[in-house]
$ cat entry.txt   # compact mmCIF, C-alpha atoms and all ligand atoms
# COMPACT_ATOMS: atom_id res chain seq x y z
CA MET A 1 77.45 129.54 185.10
CA ASN A 2 77.23 133.04 183.64
CA GLN A 3 75.82 133.94 180.21
CA TYR A 4 79.27 133.85 178.57
CA GLN A 5 80.17 130.47 179.98
CA ASP A 6 76.96 128.91 178.65
CA LYS A 7 77.44 130.36 175.19
CA ILE A 8 81.13 129.44 175.00
CA THR A 9 80.34 125.87 176.06
CA ALA A 10 77.65 125.61 173.36
CA LEU A 11 79.97 126.99 170.67
CA ARG A 12 82.77 124.66 171.67
CA LYS A 13 80.36 121.75 171.21
CA LYS A 14 79.37 123.05 167.80
CA LEU A 15 82.98 123.54 166.62
CA GLY A 16 84.08 120.20 168.11
CA ASP A 17 87.56 118.97 167.15
CA ASP A 18 88.00 121.86 164.70
CA LEU A 19 88.71 124.13 167.69
CA ILE A 20 91.40 124.26 170.33
CA ILE A 21 91.86 127.03 172.91
CA MET A 22 95.36 127.71 174.22
CA GLY A 23 96.26 130.12 177.01
CA HIS A 24 99.24 131.56 178.87
CA HIS A 25 99.44 131.20 182.67
CA TYR A 26 98.93 134.97 183.10
CA GLN A 27 95.38 134.84 181.77
CA ASN A 28 92.57 135.43 184.25
CA ASP A 29 90.48 132.54 185.65
CA ALA A 30 87.35 133.38 183.63
CA VAL A 31 89.40 132.77 180.47
CA ILE A 32 91.57 129.92 181.77
CA ARG A 33 88.50 127.80 182.60
CA HIS A 34 87.84 127.50 178.85
CA VAL A 35 91.44 126.73 177.88
CA ASP A 36 92.40 123.23 176.63
CA LEU A 37 96.15 123.77 176.76
CA THR A 38 97.87 126.09 179.23
CA GLY A 39 101.59 126.70 179.45
CA ASP A 40 104.51 129.07 179.52
CA SER A 41 105.82 130.58 176.28
CA LEU A 42 108.05 127.60 175.47
CA GLU A 43 105.44 124.95 176.28
CA LEU A 44 102.81 126.72 174.20
CA ALA A 45 105.15 127.10 171.20
CA ARG A 46 105.86 123.37 171.37
CA LYS A 47 102.20 122.44 171.80
CA VAL A 48 101.15 124.42 168.72
CA THR A 49 103.20 122.06 166.56
CA THR A 50 101.28 119.04 167.91
CA VAL A 51 97.65 120.16 167.58
CA ASP A 52 95.44 119.14 164.67
CA ALA A 53 92.52 121.57 165.12
CA LYS A 54 91.76 123.88 162.23
CA HIS A 55 91.07 126.85 164.51
CA ILE A 56 93.56 127.72 167.27
CA VAL A 57 92.35 130.44 169.63
CA PHE A 58 95.32 131.82 171.53
CA CYS A 59 94.58 133.60 174.81
CA GLY A 60 97.69 135.67 175.38
CA VAL A 61 99.52 138.69 174.03
CA TYR A 62 100.19 139.46 170.38
CA PHE A 63 103.72 138.07 170.03
CA MET A 64 102.44 134.70 171.32
CA GLY A 65 99.75 134.64 168.63
CA GLU A 66 102.35 135.50 165.99
CA SER A 67 104.63 132.66 167.11
CA ALA A 68 101.68 130.26 167.05
CA ALA A 69 100.72 131.45 163.55
CA LEU A 70 104.29 130.89 162.35
CA LEU A 71 104.40 127.37 163.74
CA ALA A 72 100.86 126.36 162.69
CA ARG A 73 100.50 124.03 159.72
CA GLU A 74 98.94 124.93 156.41
CA GLY A 75 95.18 125.09 156.76
CA GLN A 76 95.33 125.98 160.46
CA HIS A 77 94.44 129.49 161.62
CA VAL A 78 95.35 131.29 164.83
CA TYR A 79 92.99 133.85 166.39
CA LEU A 80 93.58 136.26 169.25
CA PRO A 81 90.55 137.36 171.30
CA GLU A 82 92.16 140.83 171.51
CA ASP A 83 94.54 142.09 168.81
CA ASP A 84 95.56 145.08 170.96
CA ALA A 85 96.92 142.86 173.73
CA ASN A 86 100.55 143.65 173.15
CA CYS A 87 103.62 143.13 175.30
CA VAL A 88 105.24 146.38 176.39
CA MET A 89 108.67 144.77 176.44
CA SER A 90 108.34 143.51 172.88
CA GLN A 91 107.59 147.08 171.77
CA MET A 92 110.90 148.28 173.23
CA ALA A 93 112.79 146.69 170.34
CA PRO A 94 111.46 148.13 167.06
CA TYR A 95 112.78 145.97 164.25
CA VAL A 96 114.14 148.85 162.13
CA LEU A 97 116.37 149.87 165.02
CA VAL A 98 117.39 146.28 165.76
CA ASP A 99 118.33 145.70 162.12
CA LYS A 100 120.31 148.93 162.01
CA VAL A 101 122.25 148.29 165.23
CA LEU A 102 122.97 144.68 164.26
CA THR A 103 124.20 145.68 160.82
CA ARG A 104 126.44 148.35 162.34
CA ILE A 105 128.00 145.88 164.80
CA LYS A 106 128.53 143.33 162.01
CA GLU A 107 130.18 145.95 159.82
CA SER A 108 132.64 146.63 162.63
CA GLY A 109 133.96 143.13 162.08
CA ARG A 110 132.29 141.31 164.98
CA ASN A 111 130.83 137.89 164.34
CA ILE A 112 127.73 138.63 166.39
CA VAL A 113 124.82 136.20 166.79
CA PRO A 114 121.45 137.77 167.65
CA LEU A 115 119.22 136.01 170.14
CA THR A 116 115.78 137.41 170.78
CA TYR A 117 113.59 136.60 173.74
CA VAL A 118 110.32 135.26 172.39
CA ASN A 119 108.69 138.44 173.77
CA SER A 120 109.47 140.30 170.53
CA SER A 121 107.73 141.05 167.25
CA VAL A 122 107.79 138.65 164.32
CA ALA A 123 109.85 141.23 162.41
CA VAL A 124 112.58 141.12 165.09
CA LYS A 125 112.51 137.32 165.00
CA ALA A 126 112.97 137.52 161.22
CA VAL A 127 115.97 139.87 161.61
CA CYS A 128 117.52 137.35 164.03
CA GLY A 129 116.80 134.43 161.71
CA LYS A 130 118.30 136.30 158.77
CA HIS A 131 121.51 136.98 160.71
CA GLY A 132 122.03 133.36 161.82
CA GLY A 133 120.39 133.83 165.21
CA SER A 134 117.49 132.36 167.11
CA VAL A 135 114.89 132.85 169.81
CA CYS A 136 114.76 131.91 173.49
CA THR A 137 112.21 131.87 176.27
CA SER A 138 112.72 132.36 179.98
CA ALA A 139 112.73 128.54 180.31
CA ASN A 140 115.68 127.97 177.97
CA ALA A 141 117.63 131.26 177.93
CA GLU A 142 120.72 129.68 179.46
CA LYS A 143 120.85 126.92 176.87
CA MET A 144 120.21 129.30 173.98
CA VAL A 145 122.82 131.86 175.07
CA ARG A 146 125.35 128.99 175.11
CA TRP A 147 124.03 127.95 171.67
CA ALA A 148 124.60 131.46 170.33
CA MET A 149 128.04 131.81 171.96
CA GLU A 150 129.21 128.67 170.18
CA ARG A 151 128.35 130.28 166.83
CA GLY A 152 130.07 133.65 167.07
CA ASP A 153 132.46 135.81 169.05
CA SER A 154 129.60 137.72 170.69
CA VAL A 155 125.84 137.61 171.23
CA LEU A 156 123.24 140.36 170.95
CA PHE A 157 120.48 139.51 173.43
CA LEU A 158 117.20 141.38 173.13
CA PRO A 159 114.92 142.96 174.26
CA ASP A 160 115.20 142.09 178.01
CA LYS A 161 118.34 143.30 179.78
CA ASN A 162 117.22 141.64 183.03
CA LEU A 163 116.83 138.17 181.56
CA ALA A 164 120.15 138.77 179.75
CA ARG A 165 122.00 139.73 182.94
CA ASN A 166 120.42 136.96 185.03
CA THR A 167 121.37 134.42 182.37
CA ALA A 168 124.91 135.80 182.06
CA LYS A 169 125.33 135.37 185.82
CA THR A 170 124.08 131.78 185.74
CA ILE A 171 126.42 130.91 182.90
CA GLY A 172 129.33 132.75 184.50
CA ILE A 173 130.02 135.38 181.84
CA PRO A 174 132.05 138.01 183.77
CA GLU A 175 130.43 141.43 184.14
CA GLU A 176 133.29 143.17 182.32
CA LYS A 177 132.21 141.16 179.25
CA TRP A 178 128.64 142.53 179.30
CA HIS A 179 127.52 145.70 177.64
CA ILE A 180 124.02 147.21 177.84
CA LEU A 181 123.45 149.27 174.69
CA ASN A 182 122.59 152.89 175.17
CA ILE A 183 120.11 153.33 172.33
CA ARG A 184 119.26 156.92 171.53
CA GLY A 185 117.57 158.36 168.47
CA ASP A 186 118.21 156.27 165.39
CA GLY A 187 120.74 153.98 167.06
CA SER A 188 123.79 155.58 165.49
CA GLN A 189 125.07 156.70 168.93
CA ILE A 190 125.98 153.25 170.22
CA ASP A 191 129.33 152.95 171.96
CA MET A 192 131.28 150.87 169.44
CA GLU A 193 134.38 150.66 171.66
CA ALA A 194 132.35 149.03 174.44
CA VAL A 195 130.58 146.79 171.92
CA LYS A 196 133.95 145.55 170.62
CA GLN A 197 135.05 144.48 174.13
CA ALA A 198 131.80 142.70 175.03
CA GLU A 199 130.79 139.05 174.70
CA LEU A 200 127.17 139.62 175.64
CA ILE A 201 125.62 142.79 174.25
CA MET A 202 122.21 143.54 175.73
CA TRP A 203 119.28 145.54 174.40
CA PRO A 204 118.04 147.92 177.13
CA GLY A 205 114.43 146.65 177.35
CA CYS A 206 112.60 145.28 180.39
CA CYS A 207 109.18 144.25 181.66
CA ALA A 208 107.51 146.92 183.77
CA ILE A 209 105.48 144.27 185.60
CA HIS A 210 108.56 142.34 186.77
CA ALA A 211 110.72 145.44 187.27
CA ARG A 212 108.44 146.34 190.19
CA PHE A 213 109.84 143.62 192.45
CA ASN A 214 112.53 144.83 194.83
CA GLU A 215 114.69 143.90 197.79
CA ARG A 216 112.46 145.75 200.31
CA GLN A 217 109.52 143.47 199.44
CA ILE A 218 111.77 140.44 199.93
CA ALA A 219 113.02 141.73 203.29
CA SER A 220 109.47 142.36 204.46
CA ALA A 221 108.32 138.85 203.42
CA ARG A 222 111.30 137.36 205.28
CA ALA A 223 110.56 139.49 208.36
CA LYS A 224 106.96 138.25 208.40
CA TYR A 225 107.78 134.57 207.73
CA PRO A 226 111.42 133.75 208.58
CA ASP A 227 111.16 130.39 206.76
CA VAL A 228 109.58 131.89 203.61
CA LYS A 229 110.82 130.76 200.20
CA ILE A 230 110.97 133.44 197.54
CA VAL A 231 110.65 132.46 193.89
CA ILE A 232 110.78 135.08 191.13
CA HIS A 233 110.55 135.23 187.33
CA PRO A 234 113.94 136.07 185.72
CA GLU A 235 112.55 139.23 184.11
CA ALA A 236 113.14 140.83 187.54
CA ALA A 237 116.39 142.77 188.10
CA PRO A 238 119.52 140.77 189.00
CA ASP A 239 119.88 142.39 192.47
CA VAL A 240 116.39 141.15 193.29
CA ILE A 241 117.00 137.67 191.87
CA ASP A 242 120.18 137.47 194.01
CA GLN A 243 118.01 137.80 197.14
CA ALA A 244 115.51 135.12 196.07
CA ASP A 245 115.65 131.39 196.80
CA ALA A 246 114.89 130.47 193.19
CA ALA A 247 114.17 132.00 189.80
CA GLY A 248 112.60 130.58 186.67
CA SER A 249 109.90 130.71 184.04
CA THR A 250 106.21 130.53 184.88
CA SER A 251 106.20 126.74 184.55
CA PHE A 252 109.30 126.55 186.76
CA ILE A 253 107.43 128.56 189.40
CA ILE A 254 104.44 126.21 189.21
CA LYS A 255 106.68 123.16 189.67
CA TYR A 256 108.58 124.86 192.51
CA VAL A 257 105.33 125.43 194.41
CA GLU A 258 104.14 121.90 193.68
CA ALA A 259 107.37 120.40 195.07
CA ALA A 260 107.37 122.51 198.26
CA PRO A 261 106.36 120.64 201.44
CA GLU A 262 102.98 121.11 203.11
CA GLY A 263 102.94 124.12 205.41
CA SER A 264 105.42 126.09 203.27
CA ASN A 265 105.25 129.87 203.07
CA ILE A 266 106.08 130.94 199.51
CA ALA A 267 106.24 134.49 198.15
CA ILE A 268 106.07 134.69 194.35
CA GLY A 269 107.35 137.49 192.14
CA THR A 270 105.42 137.24 188.92
CA GLU A 271 102.12 138.30 187.34
CA LEU A 272 99.26 138.29 189.84
CA ASN A 273 96.83 135.98 188.00
CA LEU A 274 99.23 133.07 188.24
CA VAL A 275 100.07 133.79 191.88
CA GLU A 276 96.39 133.96 192.86
CA ARG A 277 95.61 130.74 190.99
CA LEU A 278 98.38 128.94 192.86
CA ALA A 279 97.28 130.46 196.18
CA GLU A 280 93.76 129.14 195.61
CA LYS A 281 94.95 125.71 194.49
CA TYR A 282 97.04 125.21 197.63
CA GLU A 283 94.74 126.98 200.09
CA GLY A 284 94.86 125.19 203.43
CA SER A 285 98.09 123.31 202.65
CA LYS A 286 100.63 125.96 201.53
CA ASN A 287 100.62 129.69 202.12
CA ILE A 288 101.24 131.26 198.71
CA PHE A 289 101.26 135.03 198.35
CA PRO A 290 102.49 137.69 195.90
CA LEU A 291 105.70 139.54 196.64
CA LEU A 292 103.76 142.51 195.25
CA GLU A 293 100.42 142.57 193.42
CA SER A 294 101.69 143.22 189.89
CA THR A 295 99.38 142.73 186.92
CA CYS A 296 100.01 142.76 183.17
CA SER A 297 97.40 145.13 181.77
CA HIS A 298 97.89 143.74 178.25
CA MET A 299 97.29 140.15 179.26
CA ALA A 300 94.20 141.47 181.07
CA LEU A 301 92.76 142.79 177.78
CA VAL A 302 91.77 139.22 176.96
CA THR A 303 88.43 138.60 178.63
CA GLU A 304 85.70 135.95 178.60
CA PRO A 305 83.29 138.14 176.53
CA LYS A 306 86.04 138.68 173.93
CA LEU A 307 86.74 134.95 173.83
CA LEU A 308 83.02 134.45 173.16
CA ASN A 309 83.11 137.05 170.35
CA THR A 310 86.03 135.22 168.75
CA LEU A 311 84.27 131.85 168.89
CA GLU A 312 81.09 133.37 167.43
CA ALA A 313 83.11 134.88 164.59
CA ILE A 314 84.84 131.55 163.91
CA ALA A 315 81.47 129.79 163.85
CA ASP A 316 79.97 132.27 161.36
CA GLY A 317 83.13 132.48 159.23
CA THR A 318 83.95 136.15 159.91
CA ALA A 319 86.89 135.73 162.31
CA LYS A 320 90.18 137.33 161.23
CA PRO A 321 93.21 135.13 161.85
CA VAL A 322 96.68 136.43 162.72
CA THR A 323 98.59 136.94 159.49
CA ILE A 324 102.34 137.22 159.09
CA PRO A 325 103.70 139.36 156.25
CA GLU A 326 104.97 136.99 153.55
CA GLY A 327 108.48 138.47 153.53
CA LEU A 328 109.00 137.67 157.23
CA VAL A 329 107.70 134.11 157.39
CA GLU A 330 110.80 132.20 156.31
CA ASP A 331 113.40 134.02 158.44
CA ALA A 332 111.20 134.24 161.54
CA LYS A 333 110.28 130.56 161.28
CA ILE A 334 113.95 129.57 160.94
CA ALA A 335 114.76 131.55 164.10
CA LEU A 336 111.99 129.79 166.06
CA GLU A 337 112.76 126.37 164.67
CA ARG A 338 116.45 126.69 165.62
CA MET A 339 115.25 127.06 169.22
CA LEU A 340 112.83 124.14 169.05
CA ILE A 341 115.57 121.91 167.61
CA ALA A 342 118.20 123.03 170.14
CA CYS A 343 115.95 122.61 173.21
P1 LIG A 401 107.15 132.72 180.37
O1 LIG A 401 108.26 132.59 179.38
O2 LIG A 401 107.57 132.26 181.72
O3 LIG A 401 105.91 132.12 179.87
O4 LIG A 401 106.87 134.27 180.57
C1 LIG A 401 106.39 135.05 179.53
C2 LIG A 401 106.19 136.41 179.97
O5 LIG A 401 105.63 137.21 179.27
C3 LIG A 401 106.70 136.78 181.28
O6 LIG A 401 106.40 138.09 181.54
FE1 LIG A 402 105.19 141.40 178.35
FE2 LIG A 402 105.75 141.81 180.92
FE3 LIG A 402 103.22 141.37 180.17
FE4 LIG A 402 105.05 139.39 180.10
S1 LIG A 402 104.25 140.43 181.92
S2 LIG A 402 103.54 139.89 178.52
S3 LIG A 402 106.90 140.55 179.49
S4 LIG A 402 104.52 143.14 179.59

$ encode --input "entry.txt" --output "structure tokens"
Amino acid sequence: MNQYQDKITALRKKLGDDLIIMGHHYQNDAVIRHVDLTGDSLELARKVTTVDAKHIVFCGVYFMGESAALLAREGQHVYLPEDDANCVMSQMAPYVLVDKVLTRIKESGRNIVPLTYVNSSVAVKAVCGKHGGSVCTSANAEKMVRWAMERGDSVLFLPDKNLARNTAKTIGIPEEKWHILNIRGDGSQIDMEAVKQAELIMWPGCCAIHARFNERQIASARAKYPDVKIVIHPEAAPDVIDQADAAGSTSFIIKYVEAAPEGSNIAIGTELNLVERLAEKYEGSKNIFPLLESTCSHMALVTEPKLLNTLEAIADGTAKPVTIPEGLVEDAKIALERMLIAC
């Protein structure tokens, strides 16, 4: 045990049932070993609604802490070990721009329903809630796009154009009915003619970590192990997903590996911490390796020493919980709750 481990263990004992530590699968092992509840974005959102602890420490990026704070009950507080751990993709959809573009499309007469990937700010979730829309995760995007399509004549999916396109393909929305917005400047340049023809309008964001996977890496894994199975997170580009054997959320990937027979060779296209954890877990029985070593530098900002700092601050009453601006709470919560009810 290192000095941090000892101290964290002692503080956990002191805080007892008042404390719960949650963590996303992309967190590093030194953090994960202290986590009570791990999961993908959807699982963690659901789990928040079931915990009774007064203090919820959320090891993940900022939007995850915000969602947890929205779903927490009165008297519960959510803390992030690192407030600067943001998600680059979530920053690609500034809410002022989203609101403006959405309003413009609505004014053109389209009955558009906004659907934001959970990897977005609380302000964007509030805009979606206010306009009759909801939230989705990579685990339920297909279901939620169908949900949104039933409620309008078109859907604005944001911020991830890759998850949007992969989901459109799974559902069978023809490509001529998609439109990826070309957002420049203040958003007033959008192609309204193309928007009017489209059923699924996509915000042009993406995840740099998942955009690194490509067909060459897949070909080289297949050349090395002809029987290899390739499983990739749906934030990767559609051309890459087309070449894979399976695609799904982080929890889907974990189950896929679990179900694979002994002796399997499996290449995984997602954040490296999860891939390495799976490789270690199945060492000697399944050969698990990364399609490419791709790490999320924001997830990596959460460290064991910072987790210790957070617990110390909770214990001495100086910790600062995640707060949501009052004016956003109702609309953002509605957007999230629509998802939790639908899925
Ligand atoms: P999951 O929805 O699979 O948890 O993924 C979240 C994420 O940030 C992927 O990059
Ligand atoms: Fe955001 Fe990509 Fe990091 Fe996930 S891996 S938290 S989408 S930047």

$ closest_atom_pairs --input "entry.txt" --of "chain A" --to "ligand LIG 401 (chain A)" --cutoff "8 Å" --atoms "all atoms listed in the file" --output "JSON lines"
{"residue": "A:His24", "atom": "CA", "partner": "A:LIG401", "partner_atom": "O3", "distance": 6.8}
{"residue": "A:His25", "atom": "CA", "partner": "A:LIG401", "partner_atom": "O3", "distance": 7.1}
{"residue": "A:Gly39", "atom": "CA", "partner": "A:LIG401", "partner_atom": "O3", "distance": 6.9}
{"residue": "A:Asp40", "atom": "CA", "partner": "A:LIG401", "partner_atom": "O3", "distance": 3.4}
{"residue": "A:Ser41", "atom": "CA", "partner": "A:LIG401", "partner_atom": "O3", "distance": 3.9}
{"residue": "A:Leu42", "atom": "CA", "partner": "A:LIG401", "partner_atom": "O1", "distance": 6.3}
{"residue": "A:Cys87", "atom": "CA", "partner": "A:LIG401", "partner_atom": "O5", "distance": 7.4}
{"residue": "A:Val118", "atom": "CA", "partner": "A:LIG401", "partner_atom": "O1", "distance": 7.8}
{"residue": "A:Asn119", "atom": "CA", "partner": "A:LIG401", "partner_atom": "O5", "distance": 6.4}
{"residue": "A:Thr137", "atom": "CA", "partner": "A:LIG401", "partner_atom": "O1", "distance": 5.1}
{"residue": "A:Ser138", "atom": "CA", "partner": "A:LIG401", "partner_atom": "O1", "distance": 4.5}
{"residue": "A:Ala139", "atom": "CA", "partner": "A:LIG401", "partner_atom": "O1", "distance": 6.1}
{"residue": "A:Cys207", "atom": "CA", "partner": "A:LIG401", "partner_atom": "O6", "distance": 6.8}
{"residue": "A:Ile209", "atom": "CA", "partner": "A:LIG401", "partner_atom": "O6", "distance": 7.5}
{"residue": "A:His210", "atom": "CA", "partner": "A:LIG401", "partner_atom": "O6", "distance": 7.1}
{"residue": "A:His233", "atom": "CA", "partner": "A:LIG401", "partner_atom": "O2", "distance": 7.0}
{"residue": "A:Glu235", "atom": "CA", "partner": "A:LIG401", "partner_atom": "O6", "distance": 6.8}
{"residue": "A:Gly248", "atom": "CA", "partner": "A:LIG401", "partner_atom": "O2", "distance": 7.3}
{"residue": "A:Ser249", "atom": "CA", "partner": "A:LIG401", "partner_atom": "O2", "distance": 3.6}
{"residue": "A:Thr250", "atom": "CA", "partner": "A:LIG401", "partner_atom": "O2", "distance": 3.9}
{"residue": "A:Ser251", "atom": "CA", "partner": "A:LIG401", "partner_atom": "O2", "distance": 6.4}
{"residue": "A:Phe252", "atom": "CA", "partner": "A:LIG401", "partner_atom": "O2", "distance": 7.8}
{"residue": "A:Thr270", "atom": "CA", "partner": "A:LIG401", "partner_atom": "O6", "distance": 7.5}
{"residue": "A:Glu271", "atom": "CA", "partner": "A:LIG401", "partner_atom": "O6", "distance": 7.2}

$ residues_near_ligand --input "entry.txt" --ligand "ligand LIG 402 (chain A)" --cutoff "10 Å" --atoms "all atoms listed in the file" --output "PyMOL selection string"
chain A and resi 24+26+41+60-64+85-91+117-120+159-160+205-211+233+235-236+270-272+294-300

$ atom_distance --input "entry.txt" --atom1 "CA of His77 in chain A" --atom2 "CA of Ile8 in chain A"
18.9 Å

$ closest_residue --input "entry.txt" --among "A:Pro204, A:Asp36, A:Gly269, A:Thr170" --to "Asp17 in chain A" --atoms "only C-alpha atoms"
A:Asp36

$ residues_around --input "entry.txt" --residues "Ser67 in chain A" --least-positions-apart "2" --cutoff "10 Å" --atoms "all atoms listed in the file" --output "VMD selection string"
chain A and resid 41 44 to 45 48 62 to 65 69 to 72 78 118 to 122 125 322 324 332 to 333 336

$ atom_distance --input "entry.txt" --atom1 "CA of Ala223 in chain A" --atom2 "CA of Glu280 in chain A"
23.5 Å

$ atom_distance --input "entry.txt" --atom1 "CA of Ala93 in chain A" --atom2 "CA of Leu158 in chain A"
7.4 Å

$ residues_around --input "entry.txt" --residues "Ser264 in chain A" --least-positions-apart "6" --cutoff "8 Å" --atoms "all atoms listed in the file" --output "mmCIF file with C-alpha atoms, in the frame of the given file"
data_model
loop_
_atom_site.group_PDB
_atom_site.id
_atom_site.type_symbol
_atom_site.label_atom_id
_atom_site.label_comp_id
_atom_site.auth_asym_id
_atom_site.auth_seq_id
_atom_site.Cartn_x
_atom_site.Cartn_y
_atom_site.Cartn_z
ATOM 1 C CA ASP A 227 111.160 130.390 206.760
ATOM 2 C CA VAL A 228 109.580 131.890 203.610
ATOM 3 C CA LYS A 229 110.820 130.760 200.200
ATOM 4 C CA SER A 285 98.090 123.310 202.650
ATOM 5 C CA LYS A 286 100.630 125.960 201.530
ATOM 6 C CA ASN A 287 100.620 129.690 202.120
#

$ residues_around --input "entry.txt" --residues "Thr103 in chain A" --least-positions-apart "6" --cutoff "12 Å" --atoms "only C-alpha atoms" --output "PDB file with C-alpha atoms, in the coordinates of the input"
ATOM      1  CA  TYR A  95     112.780 145.970 164.250  1.00  0.00           C
ATOM      2  CA  VAL A  96     114.140 148.850 162.130  1.00  0.00           C
ATOM      3  CA  LEU A  97     116.370 149.870 165.020  1.00  0.00           C
ATOM      4  CA  GLY A 109     133.960 143.130 162.080  1.00  0.00           C
ATOM      5  CA  ARG A 110     132.290 141.310 164.980  1.00  0.00           C
ATOM      6  CA  ASN A 111     130.830 137.890 164.340  1.00  0.00           C
ATOM      7  CA  ILE A 112     127.730 138.630 166.390  1.00  0.00           C
ATOM      8  CA  VAL A 113     124.820 136.200 166.790  1.00  0.00           C
ATOM      9  CA  PRO A 114     121.450 137.770 167.650  1.00  0.00           C
ATOM     10  CA  VAL A 127     115.970 139.870 161.610  1.00  0.00           C
ATOM     11  CA  CYS A 128     117.520 137.350 164.030  1.00  0.00           C
ATOM     12  CA  LYS A 130     118.300 136.300 158.770  1.00  0.00           C
ATOM     13  CA  HIS A 131     121.510 136.980 160.710  1.00  0.00           C
ATOM     14  CA  LEU A 156     123.240 140.360 170.950  1.00  0.00           C
ATOM     15  CA  GLY A 187     120.740 153.980 167.060  1.00  0.00           C
ATOM     16  CA  SER A 188     123.790 155.580 165.490  1.00  0.00           C
TER      17      SER A 188
END

$ residues_near_point --input "entry.txt" --point "(82.8, 136.0, 169.1)" --cutoff "12 Å" --atoms "only C-alpha atoms" --output "ChimeraX atom specification"
/A:4,7-8,11-12,57,79-82,303-320

$ closest_residue --input "entry.txt" --among "A:Val35, A:Ala237, A:Ala247, A:Asp83" --to "Arg165 in chain A" --atoms "all atoms listed in the file"
A:Ala237

$ axis_aligned_box --input "entry.txt" --around "range 67-71 of chain A" --padding-each-side "3 Å" --output "JSON"
{"center_x": 102.7, "center_y": 130.0, "center_z": 164.7, "size_x": 9.9, "size_y": 11.3, "size_z": 10.8}

$ residues_near_point --input "entry.txt" --point "(126.9, 138.9, 180.4)" --cutoff "12 Å" --atoms "all atoms listed in the file" --output "JSON, numbers by chain"
{"A": [142, 145, 146, 149, 154, 155, 156, 157, 161, 162, 163, 164, 165, 166, 167, 168, 169, 170, 171, 172, 173, 174, 175, 176, 177, 178, 179, 180, 197, 198, 199, 200, 201, 202, 203, 238]}

$ residues_around --input "entry.txt" --residues "Glu276 in chain A" --least-positions-apart "3" --cutoff "9 Å" --atoms "only C-alpha atoms" --output "PyMOL selection string"
chain A and resi 272-273+279-281+288-290
